[in-house]
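Below is one structure, written out as structure tokens, with a few remarks after it.
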Amino acid sequence: MYSTDECREFEMVAKTFKGLEEVLAEELRGLGAKNVEPGRRMVSFEGDLAMLYRANMCCRTALRILKPIYKFTASDPDTLYSMVKEFDWTKVLSLDKTFAIDTTAYSDEFTHSRFVTYRVKDAIVDYFKDRFGPDKRPGVRLQDADVLINVHISGERVTLSLDSSGESLHKRGYRLEQTEAPINEVLAAGIILKSGWRGDCPLVDPMCGSGTFLIEGAMIAAGIMPGIYRKRFAFEAWPDFDADLFDSIYNDESSEREPSCRIIGADISPKAIAIARANIKQAGVGRYIDLEVKAIKDWTEAPADGILVTNPPYGERIVTDDMDRLYREIGSALKHVFTGYHAWIIALREEHFNAIGLSPSVKEEVFNGALECQLREYVIFDGDYNSFRRQGGSIRHSKDADDDATRENKRERKGPRRMSDDEWRSEARRKGFGGKERRTKSDRYAPKSGRFAEKPGRRDDKRRQDSSERFDRRDRQGRHRDDERHESAPRENQENPLARRRNPEALKSITGRGPSLPPQHGENVVMRSRRGWRNSSNDSDK
């Protein structure tokens with residue numbers, strides 16, 4: 001079994017949504033994580049066992065926390081199988097445990113993640129069968145497995161990790177019911193944290209649905225850990241699980257506080273308000289939240305200088321009679337009721353944002369489930385823009401927001417410099433993940449030293465040169481023969497594409513002959529005429 005030393009530091013990876021990487025990185029730094037590096041939909045960091053437990057319990061914008069255990073390169077399924085089988089799986093699995101595999105592949109060589117899952121599963125099972133007997137192996141379970149193995153493939157780079165979270169961390173455990181199109185809990189928390197709200201001013205969601213923004217806001221304001229509601233984490237089944245250490249983190253209430261400002265939610269649907277009320281009660285934050293049934297057009301007043309966050313209908317799963325009118329009503333409420341607010345709205349279609357009739361200060365692309373949406377911030381001020389500026393206000397124009405979004409997208413597409421395969425393997429070996437290079441069968445049996453050892457580059461260059469010369473000769477000879485056949489072929493056969501391949505003499509030798517068998521014992525054998533066989537003699541008798 002691997003080391004149980006809780007003070008030993010190791011690498012971890014926190015997965016998240018696009019656009020929330022920096023928010024998650026800041027959360028991890030606040031928890032004391034080291035070497036925090038945001039990536040694409042992920043943040044890598046280092047810490048000890050306590051940090052792994054704390055990241056699962058406290059990170060509001062993480063989907064899952066992975067612990068890498070093995071890295072290598074592979075260019076085909078057979079190499080993948082053999083490399084996976086080389087790992088010492090007794091470090092993380094035993095015969096009485098069950099396991100499941102989740103695969104993500106961004107590779108031209110591995111295009112089907114399910115096939116990769118099968119090959120990795122076969123390698124792990126065969127590892128145990130080879131060592132303990134043909135009937136000795138850990139079981140595979142799709143739901144509630146003891147050990148979850150994450151496979152990530154980028155090109156030919158393969159990383160195997162242990163999933164310490166189990167179910168996605170967005171499944172907090174407080175949601176009893178939901179409306180037709182609820183926002184993801186991780187995304188809701190990320191939007192609130194992006195807004196800068198920490199409970200020091202009113203928070204309003206005028207179209208609250210099942211209450212996700214309200215609950216996540218209350219947990220942020222009260223300092224409640226988002227993992228407090230979960231029944232279990234995957235790391236609780238690991239052989240090095242430290243129950244006392246986890247209990248000390250689980251029961252730590254030092255970050256909890258009493259919010260100073262109210263959280264207000266409303267919705268036009270009485271059913272949605274009833275669902276929100278049940279979820280809020282389950283989360284235990286009802287004393288911080290005010291709820292009422294109210295349409296957006298019926299708002300006449302709001303607490304001063306707050307933050308508004310909302311997820312209005314997109315017209316996909318929830319459809320109103322007039323979507324443009326709904327968004328015009330949102331714009332009217334912002335201008336006349338929520339003066340002095342910073343409003344954060346997530347929506348799908350550009351025409352809906354246009355119907356709001358305000359210029360955004362921030363535009364960001366985010367995913368709500370499978371839908372690629374936009375998150376926009378509107379700074380609502382009283383009077384005209386020049387008066388607002390004279391009073392010391394500042395707001396970026398929408399063109400500046402477009403330029404910033406374009407620059408941000410370019411930075412994201414560019415990302416950090418990608419390490420070469422050699423650098424990647426060297427880094428993996430330095431961190432104790434193996435970092436092995438793929439091996440083919442010819443590599444496996446090739447002599448490593450002596451007179452028969454292949455000198456790097458020379459033989460390959462000579463082989464490529466000889467091969468290209470052979471193909472050049474064949475190509476020239478083939479063209480020469482084709483030219484001769486073109487010249488000798490009869491003109492009447494030139495229109496038939498198969499004429500150049502026929503042998504006229506061979507065709508003459510078989511013309512007019514029927515089928516026959518070779519002679520036996522010096523006698524000619526004559527085939528019996530088949531029923532329906534027609535020949536010239538039969539035709540002449542008729």
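Numbering starts fresh at 1 for the residues of each chain in the structure tokens, the chains themselves are lettered A, B, ... in the order given, and ligands are numbered from 1 as they appear.
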Quiz item: Residues at most 12 Å from A:Asp135, counting only C-alpha atoms, excluding those fewer than 4 positions away in the same chain, as an NGL selection string?
Solution: :A and (95 or 125-131 or 139)
Self-check item: All helix (DSSP H, G or I) residues (DSSP, backbone) inside stretch 235-278 of chain A, as number ranges by chain
Solution: A: 235-237, 243-250, 270-278
From the DSSP assignment of the backbone, select every residue of stretch 158-274 of chain A that is strand (DSSP E or B), and format the answer as an mmCIF file with N, CA, C and O atoms, in the first residue's frame.
data_model
loop_
_atom_site.group_PDB
_atom_site.id
_atom_site.type_symbol
_atom_site.label_atom_id
_atom_site.label_comp_id
_atom_site.auth_asym_id
_atom_site.auth_seq_id
_atom_site.Cartn_x
_atom_site.Cartn_y
_atom_site.Cartn_z
ATOM 1 N N VAL A 158 -0.680 9.942 -21.508
ATOM 2 C CA VAL A 158 -1.706 9.287 -20.709
ATOM 3 C C VAL A 158 -1.430 9.546 -19.228
ATOM 4 O O VAL A 158 -0.311 9.338 -18.756
ATOM 5 N N THR A 159 -2.441 9.997 -18.521
ATOM 6 C CA THR A 159 -2.339 10.211 -17.077
ATOM 7 C C THR A 159 -3.437 9.423 -16.383
ATOM 8 O O THR A 159 -4.622 9.598 -16.687
ATOM 9 N N LEU A 160 -3.050 8.561 -15.465
ATOM 10 C CA LEU A 160 -3.995 7.821 -14.637
ATOM 11 C C LEU A 160 -4.034 8.482 -13.268
ATOM 12 O O LEU A 160 -2.992 8.736 -12.657
ATOM 13 N N SER A 161 -5.240 8.752 -12.790
ATOM 14 C CA SER A 161 -5.412 9.432 -11.507
ATOM 15 C C SER A 161 -6.470 8.721 -10.685
ATOM 16 O O SER A 161 -7.353 8.044 -11.221
ATOM 17 N N LEU A 162 -6.369 8.893 -9.386
ATOM 18 C CA LEU A 162 -7.431 8.468 -8.485
ATOM 19 C C LEU A 162 -8.393 9.633 -8.292
ATOM 20 O O LEU A 162 -7.965 10.757 -8.020
ATOM 21 N N ASP A 163 -9.687 9.382 -8.470
ATOM 22 C CA ASP A 163 -10.705 10.401 -8.251
ATOM 23 C C ASP A 163 -11.068 10.386 -6.770
ATOM 24 O O ASP A 163 -11.661 9.434 -6.269
ATOM 25 N N LEU A 203 -28.001 40.694 -1.792
ATOM 26 C CA LEU A 203 -27.918 39.837 -2.974
ATOM 27 C C LEU A 203 -29.345 39.504 -3.401
ATOM 28 O O LEU A 203 -30.156 39.037 -2.589
ATOM 29 N N VAL A 204 -29.635 39.753 -4.688
ATOM 30 C CA VAL A 204 -31.002 39.594 -5.188
ATOM 31 C C VAL A 204 -31.000 38.700 -6.413
ATOM 32 O O VAL A 204 -30.172 38.868 -7.316
ATOM 33 N N ASP A 205 -31.946 37.748 -6.439
ATOM 34 C CA ASP A 205 -32.220 36.960 -7.646
ATOM 35 C C ASP A 205 -33.716 37.064 -7.911
ATOM 36 O O ASP A 205 -34.526 36.391 -7.266
ATOM 37 N N ILE A 263 -30.528 38.234 1.790
ATOM 38 C CA ILE A 263 -30.544 37.622 0.460
ATOM 39 C C ILE A 263 -32.001 37.500 0.059
ATOM 40 O O ILE A 263 -32.817 36.943 0.820
ATOM 41 N N ILE A 264 -32.354 38.020 -1.110
ATOM 42 C CA ILE A 264 -33.756 38.133 -1.524
ATOM 43 C C ILE A 264 -33.966 37.371 -2.820
ATOM 44 O O ILE A 264 -33.206 37.523 -3.788
ATOM 45 N N GLY A 265 -35.010 36.531 -2.837
ATOM 46 C CA GLY A 265 -35.344 35.782 -4.035
ATOM 47 C C GLY A 265 -36.820 35.891 -4.362
ATOM 48 O O GLY A 265 -37.665 35.993 -3.469
ATOM 49 N N ALA A 266 -37.123 35.833 -5.666
ATOM 50 C CA ALA A 266 -38.516 35.877 -6.108
ATOM 51 C C ALA A 266 -38.633 35.103 -7.415
ATOM 52 O O ALA A 266 -37.639 34.881 -8.119
ATOM 53 N N ASP A 267 -39.854 34.702 -7.730
ATOM 54 C CA ASP A 267 -40.122 34.029 -8.998
ATOM 55 C C ASP A 267 -41.604 34.170 -9.299
ATOM 56 O O ASP A 267 -42.437 34.249 -8.381
#
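Look at A:Ala189: the protein and nucleic acid residues within 9 Å of it, using only C-alpha atoms and passing over chain neighbours fewer than 2 places away, are Arg60, Thr61, Asn184, Glu185, Val186, Leu187, Ile191, Ile192, Leu193, Lys194, Thr212, Phe213, Glu216, Gly217 and Ile220 of chain A.
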Determine, counting only C-alpha atoms, which protein, DNA and RNA residues have an atom within 10 Å of an atom of A:Ser269; residues of the same chain fewer than 4 positions away are not included. Present the result as an mmCIF file with all heavy atoms, in the first residue's frame.
data_model
loop_
_atom_site.group_PDB
_atom_site.id
_atom_site.type_symbol
_atom_site.label_atom_id
_atom_site.label_comp_id
_atom_site.auth_asym_id
_atom_site.auth_seq_id
_atom_site.Cartn_x
_atom_site.Cartn_y
_atom_site.Cartn_z
ATOM 1 N N MET A 207 -35.479 36.040 -10.402
ATOM 2 C CA MET A 207 -36.041 34.859 -11.085
ATOM 3 C C MET A 207 -35.301 33.629 -10.555
ATOM 4 O O MET A 207 -34.511 33.016 -11.259
ATOM 5 C CB MET A 207 -35.891 35.010 -12.601
ATOM 6 C CG MET A 207 -36.801 36.074 -13.186
ATOM 7 S SD MET A 207 -36.571 36.352 -14.950
ATOM 8 C CE MET A 207 -35.106 37.357 -14.901
ATOM 9 N N CYS A 208 -35.579 33.289 -9.295
ATOM 10 C CA CYS A 208 -34.697 32.390 -8.551
ATOM 11 C C CYS A 208 -34.903 30.916 -8.853
ATOM 12 O O CYS A 208 -34.051 30.088 -8.498
ATOM 13 C CB CYS A 208 -34.866 32.638 -7.054
ATOM 14 S SG CYS A 208 -36.478 32.165 -6.401
ATOM 15 N N GLY A 209 -36.025 30.515 -9.482
ATOM 16 C CA GLY A 209 -36.237 29.098 -9.790
ATOM 17 C C GLY A 209 -36.181 28.250 -8.532
ATOM 18 O O GLY A 209 -36.877 28.514 -7.547
ATOM 19 N N ILE A 273 -41.217 28.650 -6.212
ATOM 20 C CA ILE A 273 -40.956 29.178 -4.875
ATOM 21 C C ILE A 273 -41.086 28.067 -3.834
ATOM 22 O O ILE A 273 -40.297 27.992 -2.878
ATOM 23 C CB ILE A 273 -41.900 30.354 -4.549
ATOM 24 C CG1 ILE A 273 -41.534 31.575 -5.425
ATOM 25 C CG2 ILE A 273 -41.841 30.713 -3.077
ATOM 26 C CD1 ILE A 273 -40.162 32.137 -5.148
ATOM 27 N N ALA A 274 -42.050 27.179 -3.997
ATOM 28 C CA ALA A 274 -42.208 26.060 -3.065
ATOM 29 C C ALA A 274 -40.994 25.136 -3.110
ATOM 30 O O ALA A 274 -40.508 24.665 -2.067
ATOM 31 C CB ALA A 274 -43.487 25.286 -3.389
ATOM 32 N N GLU A 292 -40.489 35.378 -2.110
ATOM 33 C CA GLU A 292 -41.851 35.770 -2.437
ATOM 34 C C GLU A 292 -42.158 35.454 -3.893
ATOM 35 O O GLU A 292 -41.251 35.340 -4.730
ATOM 36 C CB GLU A 292 -42.079 37.255 -2.163
ATOM 37 C CG GLU A 292 -41.234 38.206 -2.988
ATOM 38 C CD GLU A 292 -41.572 39.661 -2.691
ATOM 39 O OE1 GLU A 292 -42.778 39.963 -2.560
ATOM 40 O OE2 GLU A 292 -40.646 40.487 -2.613
ATOM 41 N N VAL A 293 -43.461 35.301 -4.174
ATOM 42 C CA VAL A 293 -43.918 35.086 -5.545
ATOM 43 C C VAL A 293 -44.111 36.461 -6.183
ATOM 44 O O VAL A 293 -44.942 37.257 -5.742
ATOM 45 C CB VAL A 293 -45.238 34.287 -5.572
ATOM 46 C CG1 VAL A 293 -45.725 34.137 -7.013
ATOM 47 C CG2 VAL A 293 -45.074 32.943 -4.898
ATOM 48 N N LYS A 294 -43.315 36.744 -7.206
ATOM 49 C CA LYS A 294 -43.391 38.066 -7.852
ATOM 50 C C LYS A 294 -42.776 37.972 -9.245
ATOM 51 O O LYS A 294 -41.708 37.374 -9.431
ATOM 52 C CB LYS A 294 -42.642 39.113 -7.030
ATOM 53 C CG LYS A 294 -42.720 40.520 -7.586
ATOM 54 C CD LYS A 294 -41.756 41.448 -6.865
ATOM 55 C CE LYS A 294 -42.151 41.698 -5.444
ATOM 56 N NZ LYS A 294 -41.283 42.729 -4.801
ATOM 57 N N ALA A 295 -43.427 38.564 -10.224
ATOM 58 C CA ALA A 295 -42.883 38.641 -11.574
ATOM 59 C C ALA A 295 -41.878 39.782 -11.650
ATOM 60 O O ALA A 295 -41.938 40.743 -10.870
ATOM 61 C CB ALA A 295 -44.003 38.851 -12.592
#
Could you give me, as JSON lines, a per-residue list for stretch 290-313 of chain A showing, wherever an atom lies at most 9 Å from an atom of stretch 319-337 of chain A, the closest pair of atoms and their distance in Å to one decimal, using only C-alpha atoms and sorting by chain then residue number from low to high?
{"residue": "A:Ile296", "atom": "CA", "partner": "A:Ile330", "partner_atom": "CA", "distance": 6.5}
{"residue": "A:Lys297", "atom": "CA", "partner": "A:Glu329", "partner_atom": "CA", "distance": 5.8}
{"residue": "A:Asp298", "atom": "CA", "partner": "A:Ala333", "partner_atom": "CA", "distance": 8.7}
{"residue": "A:Trp299", "atom": "CA", "partner": "A:Ala333", "partner_atom": "CA", "distance": 6.9}
{"residue": "A:Thr300", "atom": "CA", "partner": "A:Val337", "partner_atom": "CA", "distance": 5.9}
{"residue": "A:Glu301", "atom": "CA", "partner": "A:Val337", "partner_atom": "CA", "distance": 5.4}
{"residue": "A:Ala302", "atom": "CA", "partner": "A:Val337", "partner_atom": "CA", "distance": 6.4}
{"residue": "A:Pro312", "atom": "CA", "partner": "A:Tyr327", "partner_atom": "CA", "distance": 8.5}
{"residue": "A:Pro313", "atom": "CA", "partner": "A:Val319", "partner_atom": "CA", "distance": 6.7}
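Near stretch 174-176 of chain A, within 9 Å and counting only C-alpha atoms, sit Ser210, Thr212, Tyr229, Arg230, Ile275, Ala276, Ala278, Asn279, Ile280, Lys281, Gln282, Ala283 and Gly284 of chain A, not including residues fewer than 4 positions from it in the same chain.
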Quiz item: Near A:Ser260, counting only C-alpha atoms, which residues have an atom at most 10 Å away, once you skip same-chain residues fewer than 2 positions from it, shown as a list in words?
Solution: Gly199, Asp200, Cys201, Pro202, Ala221, Ala222, Arg257, Glu258, Arg262, Ile263 and Tyr288 of chain A
Residue selection dump (N, CA, C and O atoms) as a compact mmCIF listing (two decimals), in the first residue's frame:
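File written: out-v2.txt
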# COMPACT_ATOMS: atom_id res chain seq x y z
N GLY A 199 -21.06 38.80 0.94
CA GLY A 199 -22.04 38.96 2.02
C GLY A 199 -22.08 40.33 2.63
O GLY A 199 -22.77 40.53 3.64
N ASP A 200 -21.40 41.31 2.03
CA ASP A 200 -21.31 42.64 2.62
C ASP A 200 -22.32 43.62 2.03
O ASP A 200 -22.27 44.82 2.34
N CYS A 201 -23.23 43.15 1.17
CA CYS A 201 -24.29 43.98 0.61
C CYS A 201 -25.44 43.05 0.20
O CYS A 201 -25.26 41.83 0.15
N PRO A 202 -26.63 43.58 -0.11
CA PRO A 202 -27.75 42.71 -0.47
C PRO A 202 -27.46 41.92 -1.75
O PRO A 202 -26.76 42.38 -2.65
N ALA A 221 -21.81 33.67 2.30
CA ALA A 221 -21.90 34.72 3.31
C ALA A 221 -21.70 34.16 4.72
O ALA A 221 -21.09 34.82 5.57
N ALA A 222 -22.21 32.93 4.96
CA ALA A 222 -22.11 32.35 6.30
C ALA A 222 -20.85 31.52 6.50
O ALA A 222 -20.62 31.01 7.60
N ARG A 257 -19.65 32.34 10.02
CA ARG A 257 -19.94 33.67 10.55
C ARG A 257 -21.41 33.99 10.29
O ARG A 257 -22.09 33.29 9.53
N GLU A 258 -21.88 35.04 10.86
CA GLU A 258 -23.27 35.46 10.68
C GLU A 258 -23.34 36.55 9.60
O GLU A 258 -22.71 37.60 9.73
N ARG A 262 -29.17 40.88 3.84
CA ARG A 262 -30.20 39.92 3.46
C ARG A 262 -29.98 39.42 2.03
O ARG A 262 -29.36 40.07 1.18
N ILE A 263 -30.53 38.23 1.79
CA ILE A 263 -30.54 37.62 0.46
C ILE A 263 -32.00 37.50 0.06
O ILE A 263 -32.82 36.94 0.82
N TYR A 288 -31.48 33.31 6.48
CA TYR A 288 -30.75 34.35 5.77
C TYR A 288 -31.46 34.83 4.50
O TYR A 288 -31.01 35.78 3.86
